[in-house]
Amino acid sequence: MSDNDGWRIVLIDDEEGIRRVTRITLEDAGYSVHTADNGRSGLDLCAKVVPQIVITDVRMPIMDGISVLAKLKQTHPEIEVIVATAFGEMDLAIRALQLDASDFITKPLHSEALSVALERAKTRYTDRKQLKDYTTFLEEGWNETTRELIASFTFQNNLIESSMDGIIGCNADDVVVTFNQSAQAMLGFDKADVIHRERLGRFLLPEEAERIKTALRCNDNGNDGCLPLLETTLCGKNGLRVPVQMTVSPVAIPDEAPGTVCFVRDLREIRRLEREVEDQARILHQDKMMSLGRLAASVVHEINNPLAGILNYSRLMLRILQRGEASASQMEKFTRYLDLVEKETSRCSQIVSSLLTFSRKSPAEFGAVSVADLIDRSSLLCQHKLTLSNIRLEIRMDEDLPDIKGDFNQLQQCIINLVFNAADAMPDGGTLTLSATRRHPSTEVCLQVADTGTGIAESDLPHIFEPFFTTKDEGYGVGLGLSTVYGIIQNHQGNVQVESQKGQGTTFTLCLPAA
């Protein structure tokens, strides 16, 4: 007979394939499984079969998984609910835990993760049932004082067990006497194999164990012997190394020497997010440098022309002055020459200044961004490339456009990326239109980059924002441009839309919130 006999599970998921495969897996493990294809029918099924455990998807038609969880906790609080979420839906997972979900697992469901989640749910269900039975027993036969003591003990035990941080408590001999669920999950050890069997040093690197003991003995750190927010590495099962932030403090034990309690916060997810942010920043800068290289090649040619004019006018005026005193008519020409020199110098300065600003690596600074300035400076840097490519640039902007909220440099990078892509799509020339409109009565401003180029194949459209996806020949792109645009706009709380037909051009629309 399986240990899972007698355990009834209701599985709620709108995808038939997932229901079928998961049901076979669970029934092979000995569970009794009932399935439903949406939240409402799942609730009806729960009322009928009264399961101990419910596994529900978050995103479903008719009624989502969070609503199912909330309703079940109102009508059948004893049922343990496991929520299945897609990768990245951490806000939904946190909401599920706030509603007293037993656990959450990510899709696609892996048998090992599902098995661990079910064992936790079974333990929670059994513990709660025992607690309920004890409470009933106490209410029926024990006196008020005893009930208060038991309630206090249960409450304190629940506080320890429900803590998101791992809690490891030791007696004066460093033998572990408390090892909560979070510590089990973090280090991979079962409580039964640790309590009264292992010492605190089992989970610490040798040098860290000695450092902590020395610091606690000295008691001279100004925190009553407490070591707050110590970052270290704990040793888990099977060689696992877990980066943690730990607070270590002595704790009084009646009639015994003081023990030690450690509050441990797992830093793995924080470290993963930090690496993800660093990777995003590196990709963003890499894409900017690629755009900068293409810009520089174009800007060199654009600056050479006005510099040649400045040089010629300067030499002409010098030759005239070297012949003797200039006449009135020559001075009038000098005035015109100097005016042209001033305008061309100013233009060169503006181009170089914009190029330097764009190239600068700086942290994102969100603020009010003028749409007109954004389009003007982006078009200034790209104008010469478009001219050389026989592409006519048209700029259209609504009147009284509000500023948009964002980082000027990153938004400029988006516009330049889209302009370069449009230019590549028009090898024989064409028309590129930059436009800005306000969606009424919405508080969004939409920037559009439209070309009359070759367009995007329908089969490629679903993949164009994926990193390293490119339709260009080798050596002409690595597929970072559009994924960078997508990431920047998402980070600005906006969205990217694309319309394209093969041979009829492409329009990218960036919708951003007004400041």
# chains A, B, ... in the order shown; residues from 1 in each chain; ligands from 1
>>> select_by_dssp(residues="stretch 371-494 of chain A", states="helix (DSSP H, G or I)", output="ChimeraX atom specification")
/A:371-388,408-424,461-463,481-491
>>> closest_atom_pairs(of="stretch 229-281 of chain A", to="stretch 174-177 of chain A", cutoff="12 Å", atoms="only C-alpha atoms", output="CSV")
residue,atom,partner,partner_atom,distance
A:Pro250,CA,A:Asp174,CA,11.1
A:Val251,CA,A:Asp174,CA,11.9
A:Ile253,CA,A:Val177,CA,11.8
A:Ala257,CA,A:Asp174,CA,11.0
A:Pro258,CA,A:Asp174,CA,10.1
A:Gly259,CA,A:Asp174,CA,7.1
A:Thr260,CA,A:Asp174,CA,7.3
A:Val261,CA,A:Val176,CA,9.4
A:Cys262,CA,A:Val176,CA,10.6
>>> write_last_selection(atoms="N, CA and C atoms", output="PDB file, in the first residue's frame")
ATOM      1  N   PRO A 250      22.769  35.447  21.196  1.00  0.00           N
ATOM      2  CA  PRO A 250      22.617  34.534  22.341  1.00  0.00           C
ATOM      3  C   PRO A 250      21.180  34.570  22.851  1.00  0.00           C
ATOM      4  N   VAL A 251      20.701  33.464  23.378  1.00  0.00           N
ATOM      5  CA  VAL A 251      19.334  33.403  23.890  1.00  0.00           C
ATOM      6  C   VAL A 251      19.352  32.702  25.244  1.00  0.00           C
ATOM      7  N   ILE A 253      18.228  30.467  28.318  1.00  0.00           N
ATOM      8  CA  ILE A 253      17.476  29.234  28.535  1.00  0.00           C
ATOM      9  C   ILE A 253      17.359  29.038  30.050  1.00  0.00           C
ATOM     10  N   ALA A 257      22.853  27.174  30.642  1.00  0.00           N
ATOM     11  CA  ALA A 257      23.706  28.191  30.026  1.00  0.00           C
ATOM     12  C   ALA A 257      23.023  28.718  28.761  1.00  0.00           C
ATOM     13  N   PRO A 258      23.351  29.953  28.375  1.00  0.00           N
ATOM     14  CA  PRO A 258      22.693  30.541  27.195  1.00  0.00           C
ATOM     15  C   PRO A 258      22.951  29.717  25.931  1.00  0.00           C
ATOM     16  N   GLY A 259      21.956  29.705  25.080  1.00  0.00           N
ATOM     17  CA  GLY A 259      22.088  29.055  23.784  1.00  0.00           C
ATOM     18  C   GLY A 259      22.291  30.103  22.690  1.00  0.00           C
ATOM     19  N   THR A 260      22.060  29.700  21.464  1.00  0.00           N
ATOM     20  CA  THR A 260      22.256  30.597  20.320  1.00  0.00           C
ATOM     21  C   THR A 260      21.091  30.435  19.352  1.00  0.00           C
ATOM     22  N   VAL A 261      20.621  31.545  18.795  1.00  0.00           N
ATOM     23  CA  VAL A 261      19.595  31.476  17.755  1.00  0.00           C
ATOM     24  C   VAL A 261      20.103  32.230  16.534  1.00  0.00           C
ATOM     25  N   CYS A 262      19.905  31.635  15.356  1.00  0.00           N
ATOM     26  CA  CYS A 262      20.334  32.235  14.090  1.00  0.00           C
ATOM     27  C   CYS A 262      19.106  32.469  13.205  1.00  0.00           C
TER      28      CYS A 262
END
>>> closest_residue(among="A:Gly236, A:Pro462, A:Gly30, A:Gly406", to="A:Gly494", atoms="only C-alpha atoms")
A:Gly406
>>> residues_around(residues="A:Ala423", least_positions_apart="2", cutoff="9 Å", atoms="only C-alpha atoms", output="list of chain:residue names")
A:Lys385, A:Leu386, A:Ser389, A:Ile391, A:Leu418, A:Val419, A:Phe420, A:Asn421, A:Ala425, A:Met426, A:Pro427, A:Gly429, A:Gly430, A:Leu432, A:Asp451, A:Gly453
>>> select_by_dssp(residues="stretch 38-234 of chain A", states="strand (DSSP E)", output="MDAnalysis selection string")
chainID A and resid 53:57 80:86 103:107 166:170 176:179 227:234
>>> residues_around(residues="A:Ser379", least_positions_apart="3", cutoff="9 Å", atoms="only C-alpha atoms", output="list of chain:residue names")
A:Leu374, A:Ile375, A:Asp376, A:Cys382, A:Gln383, A:Leu393, A:Ile395, A:Ile415, A:Ile416, A:Val419, A:Leu434
>>> closest_residue(among="A:Val116, A:Met63, A:Ile270, A:Ala368", to="A:Gly42", atoms="only C-alpha atoms")
A:Met63
>>> residues_around(residues="A:Ile456", least_positions_apart="6", cutoff="7 Å", atoms="only C-alpha atoms", output="list of chain:residue names")
A:Ser500, A:Gln501, A:Lys502
>>> atom_distance(atom1="atom CA of A:Ala121", atom2="atom CA of A:Ile53")
7.1 Å
>>> atom_distance(atom1="atom CA of A:Asp91", atom2="atom CA of A:Gln497")
25.1 Å
>>> residues_around(residues="A:Pro108", least_positions_apart="2", cutoff="8 Å", atoms="only C-alpha atoms", output="PDB file with N, CA and C atoms, in the first residue's frame")
ATOM      1  N   ALA A  86       3.447  30.751 -13.849  1.00  0.00           N
ATOM      2  CA  ALA A  86       4.481  30.823 -14.880  1.00  0.00           C
ATOM      3  C   ALA A  86       5.713  31.495 -14.309  1.00  0.00           C
ATOM      4  N   THR A 106       6.453  26.501 -10.226  1.00  0.00           N
ATOM      5  CA  THR A 106       6.458  27.132 -11.539  1.00  0.00           C
ATOM      6  C   THR A 106       6.165  26.111 -12.630  1.00  0.00           C
ATOM      7  N   HIS A 110       7.413  20.051 -12.872  1.00  0.00           N
ATOM      8  CA  HIS A 110       8.386  18.970 -12.820  1.00  0.00           C
ATOM      9  C   HIS A 110       8.000  18.028 -11.679  1.00  0.00           C
TER      10      HIS A 110
END
>>> atom_distance(atom1="atom CA of A:Ala515", atom2="atom CA of A:Glu444")
9.2 Å
>>> closest_residue(among="A:Glu269, A:Asp64, A:Asp398, A:Arg8", to="A:Met90", atoms="only C-alpha atoms")
A:Glu269
